[in-house]
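So this one's protein_38.txt, compact mmCIF, C-alpha atoms and all ligand atoms:
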```
# COMPACT_ATOMS: atom_id res chain seq x y z
CA MET B 1 108.17 106.56 103.93
CA SER B 2 105.70 109.10 105.19
CA THR B 3 102.01 109.32 104.49
CA SER B 4 99.40 111.82 105.49
CA SER B 5 95.79 111.46 104.32
CA SER B 6 93.18 114.17 104.73
CA SER B 7 90.47 113.72 102.05
CA GLN B 8 90.00 109.92 102.18
CA PRO B 9 87.88 108.05 104.74
CA ARG B 10 89.82 107.18 107.87
CA ALA B 11 90.63 103.61 108.89
CA ALA B 12 89.63 103.30 112.54
CA ILE B 13 90.21 100.52 115.06
CA THR B 14 86.68 99.41 115.97
CA ALA B 15 87.32 96.15 117.86
CA MET B 16 90.16 94.31 119.60
CA GLY B 17 91.12 90.91 121.00
CA HIS B 18 94.24 89.27 122.36
CA PHE B 19 95.74 85.96 123.44
CA LEU B 20 98.35 85.13 126.08
CA PRO B 21 99.51 81.57 126.78
CA GLU B 22 99.03 80.38 130.37
CA LYS B 23 102.62 79.35 131.12
CA ARG B 24 104.74 82.00 132.85
CA LEU B 25 108.55 82.09 132.56
CA THR B 26 109.81 84.25 135.43
CA ASN B 27 113.23 85.79 135.98
CA ALA B 28 113.69 83.25 138.79
CA ASP B 29 113.01 80.43 136.29
CA LEU B 30 115.66 81.87 133.95
CA GLU B 31 118.18 81.97 136.82
CA GLN B 32 117.94 78.15 136.78
CA ILE B 33 118.62 77.96 133.02
CA VAL B 34 121.38 80.54 132.28
CA ASP B 35 123.89 82.65 134.24
CA THR B 36 121.64 85.64 134.98
CA ASP B 37 119.78 87.24 137.86
CA ASP B 38 116.46 88.91 138.48
CA GLU B 39 118.07 92.23 139.48
CA TRP B 40 120.06 92.46 136.19
CA ILE B 41 117.04 91.65 134.05
CA ARG B 42 114.70 94.06 135.86
CA THR B 43 117.10 97.01 135.91
CA ARG B 44 118.43 96.56 132.34
CA THR B 45 115.12 95.73 130.65
CA GLY B 46 112.13 96.16 133.01
CA ILE B 47 111.03 92.54 132.39
CA GLU B 48 109.80 90.34 135.26
CA GLU B 49 108.11 87.50 133.42
CA ARG B 50 106.97 86.37 129.97
CA ARG B 51 104.38 83.94 128.60
CA ILE B 52 105.39 80.77 126.75
CA LEU B 53 103.22 78.70 124.39
CA ASP B 54 103.87 75.27 125.85
CA ASP B 55 102.07 72.95 123.43
CA PRO B 56 103.94 71.23 120.59
CA ASP B 57 100.77 71.13 118.47
CA LYS B 58 100.16 74.88 118.65
CA ALA B 59 102.03 77.87 117.26
CA THR B 60 101.53 81.39 115.89
CA ALA B 61 98.40 80.65 113.83
CA TYR B 62 96.71 79.25 116.93
CA MET B 63 97.47 82.34 119.04
CA ALA B 64 96.45 84.68 116.20
CA SER B 65 93.17 82.79 115.77
CA GLN B 66 92.46 82.93 119.50
CA ALA B 67 93.00 86.71 119.49
CA ALA B 68 90.63 87.05 116.51
CA GLU B 69 88.01 84.82 118.18
CA GLU B 70 88.08 87.02 121.30
CA LEU B 71 87.58 90.08 119.08
CA PHE B 72 84.58 88.48 117.34
CA GLN B 73 82.98 87.39 120.59
CA LYS B 74 83.44 90.65 122.51
CA HIS B 75 82.21 92.82 119.66
CA ASP B 76 79.61 90.41 118.23
CA ILE B 77 81.21 90.30 114.77
CA ASP B 78 80.54 87.65 112.12
CA PRO B 79 83.88 86.30 110.73
CA ALA B 80 82.22 85.95 107.31
CA THR B 81 82.16 89.78 107.07
CA ILE B 82 85.98 90.06 107.13
CA ASP B 83 87.47 91.09 103.74
CA LEU B 84 91.18 90.86 104.46
CA ILE B 85 93.50 89.36 107.10
CA ILE B 86 97.05 90.66 107.57
CA VAL B 87 99.20 88.75 110.05
CA ALA B 88 102.38 90.51 111.16
CA THR B 89 104.83 87.84 112.29
CA ILE B 90 108.42 86.63 112.02
CA THR B 91 107.51 83.24 113.48
CA PRO B 92 105.00 81.83 110.99
CA ASP B 93 103.92 78.22 111.62
CA MET B 94 105.91 77.36 108.48
CA GLU B 95 107.40 79.21 105.49
CA PHE B 96 104.21 78.60 103.55
CA PRO B 97 101.25 78.49 103.50
CA SER B 98 101.03 81.86 105.17
CA THR B 99 99.82 82.15 108.76
CA ALA B 100 97.02 84.35 107.40
CA CYS B 101 95.67 81.37 105.40
CA LEU B 102 95.77 79.12 108.46
CA VAL B 103 93.99 81.80 110.52
CA GLN B 104 91.41 82.41 107.77
CA ASP B 105 90.41 78.74 107.88
CA SER B 106 90.49 78.37 111.64
CA ILE B 107 88.30 81.42 112.37
CA GLY B 108 85.84 80.70 109.55
CA ALA B 109 86.48 83.92 107.61
CA GLN B 110 85.43 82.28 104.37
CA ASN B 111 85.15 85.54 102.42
CA ALA B 112 88.58 86.92 103.38
CA TRP B 113 91.91 86.82 101.58
CA GLY B 114 95.13 87.42 103.45
CA PHE B 115 98.87 87.51 103.70
CA ASP B 116 101.71 87.69 106.23
CA LEU B 117 103.90 90.73 106.76
CA ALA B 118 107.44 90.36 108.12
CA ALA B 119 108.93 93.48 109.66
CA ALA B 120 110.09 92.05 113.00
CA CYS B 121 109.12 94.29 115.93
CA SER B 122 107.69 96.91 113.53
CA GLY B 123 105.41 94.31 111.97
CA PHE B 124 102.17 95.41 113.61
CA LEU B 125 102.64 99.09 112.79
CA PHE B 126 103.56 98.34 109.16
CA ALA B 127 100.57 95.98 108.91
CA LEU B 128 98.27 98.62 110.37
CA THR B 129 99.34 101.08 107.67
CA ASN B 130 98.85 98.42 104.99
CA GLY B 131 95.41 97.51 106.29
CA ALA B 132 94.43 101.17 106.53
CA SER B 133 95.37 101.70 102.87
CA PHE B 134 92.82 99.07 101.81
CA ILE B 135 90.13 100.84 103.85
CA GLU B 136 91.11 104.33 102.67
CA SER B 137 91.10 103.26 99.01
CA GLY B 138 87.71 101.57 99.37
CA ARG B 139 89.09 98.14 98.45
CA ALA B 140 88.05 96.64 101.80
CA LYS B 141 85.48 97.42 104.49
CA ARG B 142 86.69 95.14 107.27
CA VAL B 143 90.39 94.35 107.71
CA LEU B 144 91.71 92.17 110.51
CA VAL B 145 95.25 93.17 111.48
CA ILE B 146 96.96 90.69 113.81
CA GLY B 147 100.39 90.86 115.45
CA ALA B 148 101.45 87.39 116.62
CA ASP B 149 104.78 85.82 117.49
CA THR B 150 105.90 82.58 119.10
CA MET B 151 109.32 83.93 120.01
CA SER B 152 110.08 80.90 122.21
CA ALA B 153 110.41 78.87 118.98
CA ILE B 154 113.42 80.92 117.78
CA THR B 155 114.95 81.84 121.16
CA ASP B 156 118.20 80.20 122.22
CA TYR B 157 117.79 79.28 125.89
CA GLU B 158 121.58 78.91 126.12
CA ASP B 159 122.13 82.59 125.19
CA ARG B 160 121.57 84.77 128.25
CA SER B 161 121.77 87.99 126.23
CA THR B 162 118.55 87.17 124.30
CA CYS B 163 116.58 84.47 126.14
CA ILE B 164 115.65 86.85 128.95
CA LEU B 165 113.95 89.23 126.51
CA PHE B 166 111.25 87.41 124.58
CA GLY B 167 107.77 85.98 125.11
CA ASP B 168 104.80 84.64 123.11
CA ALA B 169 101.47 86.39 122.45
CA ALA B 170 99.01 87.70 119.87
CA GLY B 171 96.87 90.81 119.52
CA ALA B 172 94.20 91.56 116.92
CA VAL B 173 92.43 94.72 115.80
CA LEU B 174 89.63 95.32 113.33
CA LEU B 175 89.89 98.26 110.91
CA GLU B 176 86.75 99.84 109.44
CA PRO B 177 86.00 103.12 107.63
CA HIS B 178 85.22 106.08 109.89
CA ASP B 179 84.21 109.67 109.05
CA THR B 180 86.30 111.29 111.77
CA TYR B 181 88.52 109.04 113.81
CA GLY B 182 91.22 106.55 112.87
CA LEU B 183 94.72 106.51 111.44
CA GLN B 184 95.70 110.14 110.82
CA ASP B 185 99.36 109.90 109.84
CA THR B 186 102.28 107.47 109.64
CA VAL B 187 106.05 107.74 109.36
CA HIS B 188 107.94 104.51 108.66
CA TYR B 189 111.62 103.77 108.05
CA SER B 190 113.80 100.80 107.04
CA ASP B 191 117.60 100.63 107.09
CA GLY B 192 119.00 97.36 105.78
CA ALA B 193 122.57 98.59 106.30
CA HIS B 194 122.25 97.32 109.88
CA ALA B 195 120.44 94.07 109.02
CA ASP B 196 123.15 91.99 110.72
CA LEU B 197 122.48 93.46 114.18
CA LEU B 198 119.29 91.45 114.71
CA THR B 199 118.76 88.36 112.60
CA LEU B 200 117.67 84.73 112.28
CA PRO B 201 120.62 83.48 110.18
CA ALA B 202 119.43 80.04 109.01
CA GLY B 203 116.30 78.41 107.69
CA GLY B 204 115.86 80.76 104.72
CA SER B 205 117.12 80.40 101.14
CA LEU B 206 120.61 81.68 101.99
CA ASN B 207 121.30 79.10 104.71
CA PRO B 208 118.74 76.31 104.31
CA ALA B 209 118.46 73.89 107.21
CA SER B 210 121.41 71.50 107.36
CA HIS B 211 123.23 69.57 110.06
CA GLU B 212 125.80 72.39 110.15
CA THR B 213 123.23 75.16 110.67
CA VAL B 214 121.60 73.20 113.46
CA ASP B 215 124.95 72.35 115.09
CA GLN B 216 125.88 76.04 115.00
CA ARG B 217 122.49 77.02 116.52
CA LEU B 218 121.81 79.31 113.55
CA HIS B 219 118.06 78.71 113.69
CA TYR B 220 117.93 80.88 116.78
CA LEU B 221 117.64 84.66 116.87
CA LYS B 222 120.95 86.58 117.22
CA GLN B 223 121.14 90.14 118.50
CA ASP B 224 124.00 92.57 119.03
CA GLY B 225 122.14 94.27 121.85
CA ARG B 226 124.20 97.39 122.54
CA PRO B 227 124.14 98.93 119.01
CA VAL B 228 120.47 97.97 118.58
CA PHE B 229 119.79 99.77 121.86
CA ARG B 230 121.58 102.91 120.63
CA HIS B 231 119.69 102.92 117.31
CA ALA B 232 116.38 102.24 119.09
CA VAL B 233 116.76 105.07 121.61
CA THR B 234 117.38 107.71 118.93
CA GLY B 235 115.18 106.14 116.21
CA MET B 236 112.06 105.79 118.33
CA ALA B 237 112.32 109.20 119.97
CA ASP B 238 113.14 110.97 116.66
CA VAL B 239 110.24 109.41 114.77
CA CYS B 240 107.78 110.24 117.57
CA VAL B 241 108.93 113.87 117.65
CA GLU B 242 108.69 113.95 113.84
CA ILE B 243 105.07 112.75 113.80
CA MET B 244 104.13 115.16 116.62
CA GLU B 245 105.63 118.12 114.75
CA ARG B 246 103.96 117.15 111.45
CA ASN B 247 100.60 117.12 113.22
CA ASP B 248 101.13 120.13 115.53
CA LEU B 249 100.89 117.94 118.62
CA THR B 250 102.49 118.85 121.94
CA GLY B 251 102.96 116.45 124.85
CA ASP B 252 99.74 117.85 126.33
CA ASP B 253 97.78 116.84 123.19
CA VAL B 254 98.90 113.20 123.29
CA ASP B 255 96.65 111.07 125.51
CA PHE B 256 98.67 107.86 125.22
CA LEU B 257 102.01 106.66 123.88
CA VAL B 258 101.74 103.03 122.72
CA PRO B 259 105.37 101.91 122.39
CA HIS B 260 106.93 98.63 121.31
CA GLN B 261 108.00 96.83 124.50
CA ALA B 262 111.67 95.87 123.99
CA ASN B 263 113.29 97.70 126.89
CA LYS B 264 111.80 100.03 129.52
CA ARG B 265 114.83 102.31 129.22
CA ILE B 266 114.09 102.87 125.49
CA ILE B 267 110.44 103.61 126.28
CA ASP B 268 111.35 106.06 129.09
CA ALA B 269 113.77 107.93 126.80
CA THR B 270 111.09 108.22 124.10
CA ALA B 271 108.43 109.47 126.52
CA ASN B 272 110.91 112.00 127.89
CA ARG B 273 111.69 113.43 124.46
CA MET B 274 107.93 113.70 123.76
CA GLY B 275 107.32 115.52 127.06
CA LEU B 276 104.94 112.85 128.36
CA SER B 277 104.32 111.93 132.00
CA SER B 278 104.52 108.22 132.84
CA ASP B 279 100.73 107.90 133.30
CA LYS B 280 100.34 108.46 129.54
CA VAL B 281 102.71 105.64 128.60
CA MET B 282 101.32 102.15 128.01
CA LEU B 283 103.77 99.78 129.66
CA ASN B 284 103.34 96.02 130.15
CA ILE B 285 106.89 94.80 129.41
CA HIS B 286 107.23 93.63 133.04
CA ARG B 287 104.46 91.07 132.49
CA TYR B 288 105.00 89.87 128.92
CA GLY B 289 108.56 90.81 127.84
CA ASN B 290 109.14 91.49 124.15
CA THR B 291 106.47 89.70 122.10
CA THR B 292 107.72 91.27 118.81
CA ALA B 293 104.68 91.96 116.55
CA ALA B 294 102.23 91.54 119.45
CA THR B 295 103.47 94.25 121.84
CA VAL B 296 101.45 97.21 120.49
CA PRO B 297 98.06 95.44 120.16
CA LEU B 298 98.65 93.84 123.59
CA CYS B 299 99.08 97.31 125.09
CA LEU B 300 95.92 98.57 123.38
CA ASN B 301 94.02 95.57 124.78
CA ASP B 302 95.39 96.13 128.29
CA TRP B 303 94.41 99.82 128.25
CA GLN B 304 91.07 99.29 126.50
CA ALA B 305 88.97 100.45 129.47
CA GLU B 306 90.69 103.85 129.46
CA LEU B 307 90.34 104.56 125.73
CA LYS B 308 87.65 107.07 124.75
CA PRO B 309 86.53 108.44 121.36
CA GLY B 310 88.81 111.26 120.22
CA HIS B 311 91.82 110.27 122.31
CA ASN B 312 95.12 111.04 120.54
CA LEU B 313 97.45 108.02 120.43
CA VAL B 314 101.00 107.80 119.15
CA LEU B 315 102.00 104.21 118.33
CA THR B 316 105.71 103.55 117.83
CA THR B 317 107.98 100.57 117.14
CA PHE B 318 111.63 99.72 116.53
CA GLY B 319 113.08 96.40 115.47
CA GLY B 320 115.14 94.15 113.26
CA GLY B 321 115.74 95.20 109.70
CA LEU B 322 116.31 97.76 111.00
CA THR B 323 112.70 98.94 110.88
CA TRP B 324 110.98 101.66 112.86
CA GLY B 325 108.11 104.09 112.75
CA ALA B 326 105.30 105.98 114.40
CA SER B 327 101.58 106.29 113.72
CA TYR B 328 99.20 108.98 114.93
CA LEU B 329 95.76 107.55 115.60
CA THR B 330 92.57 109.02 117.02
CA TRP B 331 90.56 106.49 119.01
CA ALA B 332 87.07 105.65 117.75
CA TYR B 333 85.05 103.92 120.50
CA ASP B 334 84.44 103.75 124.24
CA GLY B 335 86.74 100.90 125.30
CA ALA B 336 85.11 100.58 128.74
CA GLU B 337 82.03 99.03 127.08
CA TYR B 338 84.09 96.07 125.90
CA ASP B 339 86.49 95.62 128.81
CA SER B 340 86.14 92.44 130.83
O1 LIG B 401 112.78 94.55 119.89
C1 LIG B 401 113.69 94.63 118.87
C2 LIG B 401 114.75 95.64 119.15
N1 LIG B 401 115.56 95.22 120.24
C3 LIG B 401 115.86 96.11 121.19
O2 LIG B 401 115.42 97.23 121.17
C4 LIG B 401 116.83 95.64 122.25
C5 LIG B 401 117.94 96.66 122.42
N2 LIG B 401 118.96 96.23 123.34
C6 LIG B 401 118.75 96.12 124.68
O3 LIG B 401 117.62 96.26 125.14
C7 LIG B 401 119.94 95.90 125.56
O4 LIG B 401 121.12 96.05 124.80
C8 LIG B 401 119.96 94.51 126.25
C9 LIG B 401 118.87 94.42 127.28
C10 LIG B 401 119.79 93.40 125.21
C11 LIG B 401 121.29 94.33 126.98
O5 LIG B 401 121.47 95.38 127.91
P1 LIG B 401 122.82 96.24 127.92
O6 LIG B 401 122.70 97.21 129.03
O7 LIG B 401 123.00 96.78 126.54
O8 LIG B 401 123.89 95.15 128.27
P2 LIG B 401 125.18 94.74 127.46
O9 LIG B 401 124.81 93.91 126.28
O10 LIG B 401 126.01 95.96 127.21
O11 LIG B 401 125.91 93.84 128.50
C12 LIG B 401 126.41 94.37 129.74
C13 LIG B 401 126.97 93.23 130.58
C14 LIG B 401 127.91 92.34 129.80
O12 LIG B 401 128.93 91.93 130.68
P3 LIG B 401 130.35 92.65 130.63
O13 LIG B 401 130.87 92.47 129.24
O14 LIG B 401 130.09 94.09 130.96
O15 LIG B 401 131.13 91.92 131.69
C15 LIG B 401 127.07 91.15 129.46
O16 LIG B 401 127.82 89.97 129.29
O17 LIG B 401 125.88 92.39 131.02
C16 LIG B 401 126.19 91.03 130.66
N3 LIG B 401 124.93 90.34 130.40
C17 LIG B 401 124.20 89.76 131.37
N4 LIG B 401 124.38 89.67 132.69
C18 LIG B 401 123.42 89.00 133.40
C19 LIG B 401 124.29 90.18 129.21
N5 LIG B 401 123.15 89.52 129.38
C20 LIG B 401 123.07 89.24 130.71
C21 LIG B 401 122.11 88.57 131.50
N6 LIG B 401 122.32 88.49 132.83
N7 LIG B 401 120.98 88.04 130.98
```
Represent the structure of the file as structure tokens.
Amino acid sequence: MSTSSSSQPRAAITAMGHFLPEKRLTNADLEQIVDTDDEWIRTRTGIEERRILDDPDKATAYMASQAAEELFQKHDIDPATIDLIIVATITPDMEFPSTACLVQDSIGAQNAWGFDLAAACSGFLFALTNGASFIESGRAKRVLVIGADTMSAITDYEDRSTCILFGDAAGAVLLEPHDTYGLQDTVHYSDGAHADLLTLPAGGSLNPASHETVDQRLHYLKQDGRPVFRHAVTGMADVCVEIMERNDLTGDDVDFLVPHQANKRIIDATANRMGLSSDKVMLNIHRYGNTTAATVPLCLNDWQAELKPGHNLVLTTFGGGLTWGASYLTWAYDGAEYDS
């Protein structure tokens, strides 16, 4: 699916917040749990440590709410003015009610409606496009888009091929109408033919929870890493080149690439194809690992101080589904004013 809007109002990011749990899980910690080593993890993925939500009473809705609260506080925004909340997640607190409903109550957004969006690692980008459509059509004035995942809840800490990859976090952005800046173009893809490469097999309507599913550890994420890697390297780079060509952008025109953080090698290959130097690539995988729907808003939060009005950003993701995409966004405010 491709969209390009020119006559409608833009949907611009006008505020941001994020949440990272305190607990760090380092590569050295993982060496004590599975047969792995720091050198392998760093050279194959770029990851050095991840954050883990270590409180049995808290989960994705808590992290998403904390990210939203930070956004409200930093930008002096009244939660009652929010029209819509979209939470991108594959680790909702429970199947229903939606995480968006739990967040709506916890942040006091009494005038908002909301829903969850499940597109694995592409969740935030797909949610951003959805949220932007409500702004562009005039159906909403303030949309909260949150990417939040408690990956530690579905990670098998006996499987060395996946447990080294994932971490927990949340990032939130506010979308509002803007005359000039905001979401300029999006290109999104889904390919269910490769659904089996990255999946959570049990707990849904096909394989409801049973003693057998638990015994077989089917409530944990499974990934066939090598083919996913191959699809990700070509998919991410191709879609970024596609959105650059559609918008007559060269590498010189792009101020920042904001890539999903699954593997540094995938990010490097994408930046290479786009003709970008490393200083234009937002990279924090070494500190947080793969936080699924949270990686892109976490990057935006980390780079907030460097973002200026008019900057050209290309956001890109690749993940289970398979799902992937790119969005071309022009930045709307001076991030340095809100950096702390
Ligand atoms: O975010 C959603 C999308 N996901 C992605 O984009 C992830 C894409 N995939 C990847 O990033 C990579 O495939 C991984 C990081 C998951 C794995 O890296 P790889 O270079 O593809 O390794 P591999 O799976 O081909 O395994 C190479 C070797 C194997 O040993 P043999 O068969 O060559 O003897 C594995 O058993 O590395 C072994 N291995 C490990 N060794 C030490 C696998 N995991 C580990 C580990 N520590 N944690």
- Find the spatial neighbours of stretch 64-73 of chain B, counting only C-alpha atoms, within a cut-off of 12 Å - ignore same-chain residues fewer than 5 positions away - and output them as a VMD selection string. chain B and resid 13 to 21 58 to 59 78 to 82 85 to 89 91 to 93 99 to 109 116 143 to 150 168 to 175 293 to 294 297 to 298 301 338 to 340
Chain B residues near ligand LIG 401 (chain B) within 7 Å, closest pair each, using all atoms listed in the file, as a Markdown table:
```
| residue | atom | partner | partner_atom | distance |
| --- | --- | --- | --- | --- |
| B:Asp35 | CA | B:LIG401 | N6 | 6.2 |
| B:Thr36 | CA | B:LIG401 | N6 | 3.6 |
| B:Asp37 | CA | B:LIG401 | N6 | 5.8 |
| B:Trp40 | CA | B:LIG401 | C18 | 5.6 |
| B:Ile41 | CA | B:LIG401 | N7 | 6.2 |
| B:Arg44 | CA | B:LIG401 | O6 | 5.4 |
| B:Thr45 | CA | B:LIG401 | C9 | 5.2 |
| B:Cys121 | CA | B:LIG401 | O1 | 5.4 |
| B:Arg160 | CA | B:LIG401 | N7 | 4.3 |
| B:Ser161 | CA | B:LIG401 | N5 | 3.8 |
| B:Thr162 | CA | B:LIG401 | C10 | 6.4 |
| B:Ile164 | CA | B:LIG401 | N7 | 5.8 |
| B:Gly225 | CA | B:LIG401 | O4 | 3.6 |
| B:Arg226 | CA | B:LIG401 | O4 | 4.0 |
| B:Val228 | CA | B:LIG401 | C5 | 4.8 |
| B:Phe229 | CA | B:LIG401 | C5 | 3.7 |
| B:Ala232 | CA | B:LIG401 | O2 | 5.5 |
| B:Ala262 | CA | B:LIG401 | O1 | 4.4 |
| B:Asn263 | CA | B:LIG401 | O3 | 4.9 |
| B:Asn290 | CA | B:LIG401 | O1 | 6.4 |
| B:Thr292 | CA | B:LIG401 | O1 | 6.1 |
| B:Phe318 | CA | B:LIG401 | C2 | 5.8 |
| B:Gly319 | CA | B:LIG401 | C1 | 3.9 |
| B:Gly320 | CA | B:LIG401 | C1 | 5.8 |
```
- Query: Could you name the residues that touch B:Ser277 at 12 Å or less, counting all atoms listed in the file, but leaving out those on the same chain fewer than 6 positions away, as a list in words?
  - Reply: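 Once the nearby chain positions are removed, what remains is Gly251, Asp252, Val254, Asp255, Phe256, Leu257, Ile267, Asp268, Ala269, Thr270 and Ala271 of chain B.
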- Message: At a cut-off of 6 Å around the point (92.6, 107.9, 119.4) (file coordinates), what residues fall inside when counting all atoms listed in the file? I'd like the answer as a PyMOL selection string.
- Response: chain B and resi 310-313+329-331
- To one decimal in Å, tell me the separation between atom CA of B:Ile266 and atom CA of B:Thr316.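 Going from atom CA of B:Ile266 over to atom CA of B:Thr316 covers 11.4 Å.
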Have stretch 54-67 of chain B completed to N, CA, C and O atoms, please, and pass it along as a PDB file, keeping the file's coordinate frame.
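Done, and the output landed in out.pdb:
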```pdb
ATOM      1  N   ASP B  54     103.254  76.535 125.448  1.00  0.00           N
ATOM      2  CA  ASP B  54     103.870  75.270 125.850  1.00  0.00           C
ATOM      3  C   ASP B  54     103.052  74.090 125.331  1.00  0.00           C
ATOM      4  O   ASP B  54     102.588  73.262 126.102  1.00  0.00           O
ATOM      5  N   ASP B  55     102.855  74.036 124.020  1.00  0.00           N
ATOM      6  CA  ASP B  55     102.070  72.950 123.430  1.00  0.00           C
ATOM      7  C   ASP B  55     102.652  72.677 122.044  1.00  0.00           C
ATOM      8  O   ASP B  55     102.565  73.517 121.159  1.00  0.00           O
ATOM      9  N   PRO B  56     103.261  71.503 121.859  1.00  0.00           N
ATOM     10  CA  PRO B  56     103.940  71.230 120.590  1.00  0.00           C
ATOM     11  C   PRO B  56     103.020  71.249 119.377  1.00  0.00           C
ATOM     12  O   PRO B  56     103.478  71.369 118.249  1.00  0.00           O
ATOM     13  N   ASP B  57     101.708  71.135 119.603  1.00  0.00           N
ATOM     14  CA  ASP B  57     100.770  71.130 118.470  1.00  0.00           C
ATOM     15  C   ASP B  57     100.242  72.513 118.132  1.00  0.00           C
ATOM     16  O   ASP B  57      99.411  72.658 117.228  1.00  0.00           O
ATOM     17  N   LYS B  58     100.700  73.541 118.878  1.00  0.00           N
ATOM     18  CA  LYS B  58     100.160  74.880 118.650  1.00  0.00           C
ATOM     19  C   LYS B  58     101.296  75.862 118.400  1.00  0.00           C
ATOM     20  O   LYS B  58     102.376  75.732 118.978  1.00  0.00           O
ATOM     21  N   ALA B  59     101.007  76.873 117.564  1.00  0.00           N
ATOM     22  CA  ALA B  59     102.030  77.870 117.260  1.00  0.00           C
ATOM     23  C   ALA B  59     101.352  79.213 116.957  1.00  0.00           C
ATOM     24  O   ALA B  59     100.272  79.500 117.487  1.00  0.00           O
ATOM     25  N   THR B  60     101.981  80.008 116.096  1.00  0.00           N
ATOM     26  CA  THR B  60     101.530  81.390 115.890  1.00  0.00           C
ATOM     27  C   THR B  60     100.097  81.469 115.351  1.00  0.00           C
ATOM     28  O   THR B  60      99.309  82.304 115.795  1.00  0.00           O
ATOM     29  N   ALA B  61      99.751  80.598 114.398  1.00  0.00           N
ATOM     30  CA  ALA B  61      98.400  80.650 113.830  1.00  0.00           C
ATOM     31  C   ALA B  61      97.343  80.405 114.897  1.00  0.00           C
ATOM     32  O   ALA B  61      96.264  81.027 114.879  1.00  0.00           O
ATOM     33  N   TYR B  62      97.643  79.530 115.845  1.00  0.00           N
ATOM     34  CA  TYR B  62      96.710  79.250 116.930  1.00  0.00           C
ATOM     35  C   TYR B  62      96.488  80.510 117.783  1.00  0.00           C
ATOM     36  O   TYR B  62      95.347  80.910 118.060  1.00  0.00           O
ATOM     37  N   MET B  63      97.606  81.152 118.188  1.00  0.00           N
ATOM     38  CA  MET B  63      97.470  82.340 119.040  1.00  0.00           C
ATOM     39  C   MET B  63      96.753  83.465 118.289  1.00  0.00           C
ATOM     40  O   MET B  63      95.902  84.169 118.854  1.00  0.00           O
ATOM     41  N   ALA B  64      97.095  83.641 117.004  1.00  0.00           N
ATOM     42  CA  ALA B  64      96.450  84.680 116.200  1.00  0.00           C
ATOM     43  C   ALA B  64      94.955  84.418 116.080  1.00  0.00           C
ATOM     44  O   ALA B  64      94.131  85.343 116.188  1.00  0.00           O
ATOM     45  N   SER B  65      94.594  83.150 115.896  1.00  0.00           N
ATOM     46  CA  SER B  65      93.170  82.790 115.770  1.00  0.00           C
ATOM     47  C   SER B  65      92.428  83.025 117.078  1.00  0.00           C
ATOM     48  O   SER B  65      91.286  83.510 117.084  1.00  0.00           O
ATOM     49  N   GLN B  66      93.087  82.696 118.192  1.00  0.00           N
ATOM     50  CA  GLN B  66      92.460  82.930 119.500  1.00  0.00           C
ATOM     51  C   GLN B  66      92.198  84.420 119.726  1.00  0.00           C
ATOM     52  O   GLN B  66      91.154  84.807 120.253  1.00  0.00           O
ATOM     53  N   ALA B  67      93.166  85.255 119.332  1.00  0.00           N
ATOM     54  CA  ALA B  67      93.000  86.710 119.490  1.00  0.00           C
ATOM     55  C   ALA B  67      91.824  87.191 118.630  1.00  0.00           C
ATOM     56  O   ALA B  67      91.006  88.007 119.071  1.00  0.00           O
TER      57      ALA B  67
END
```
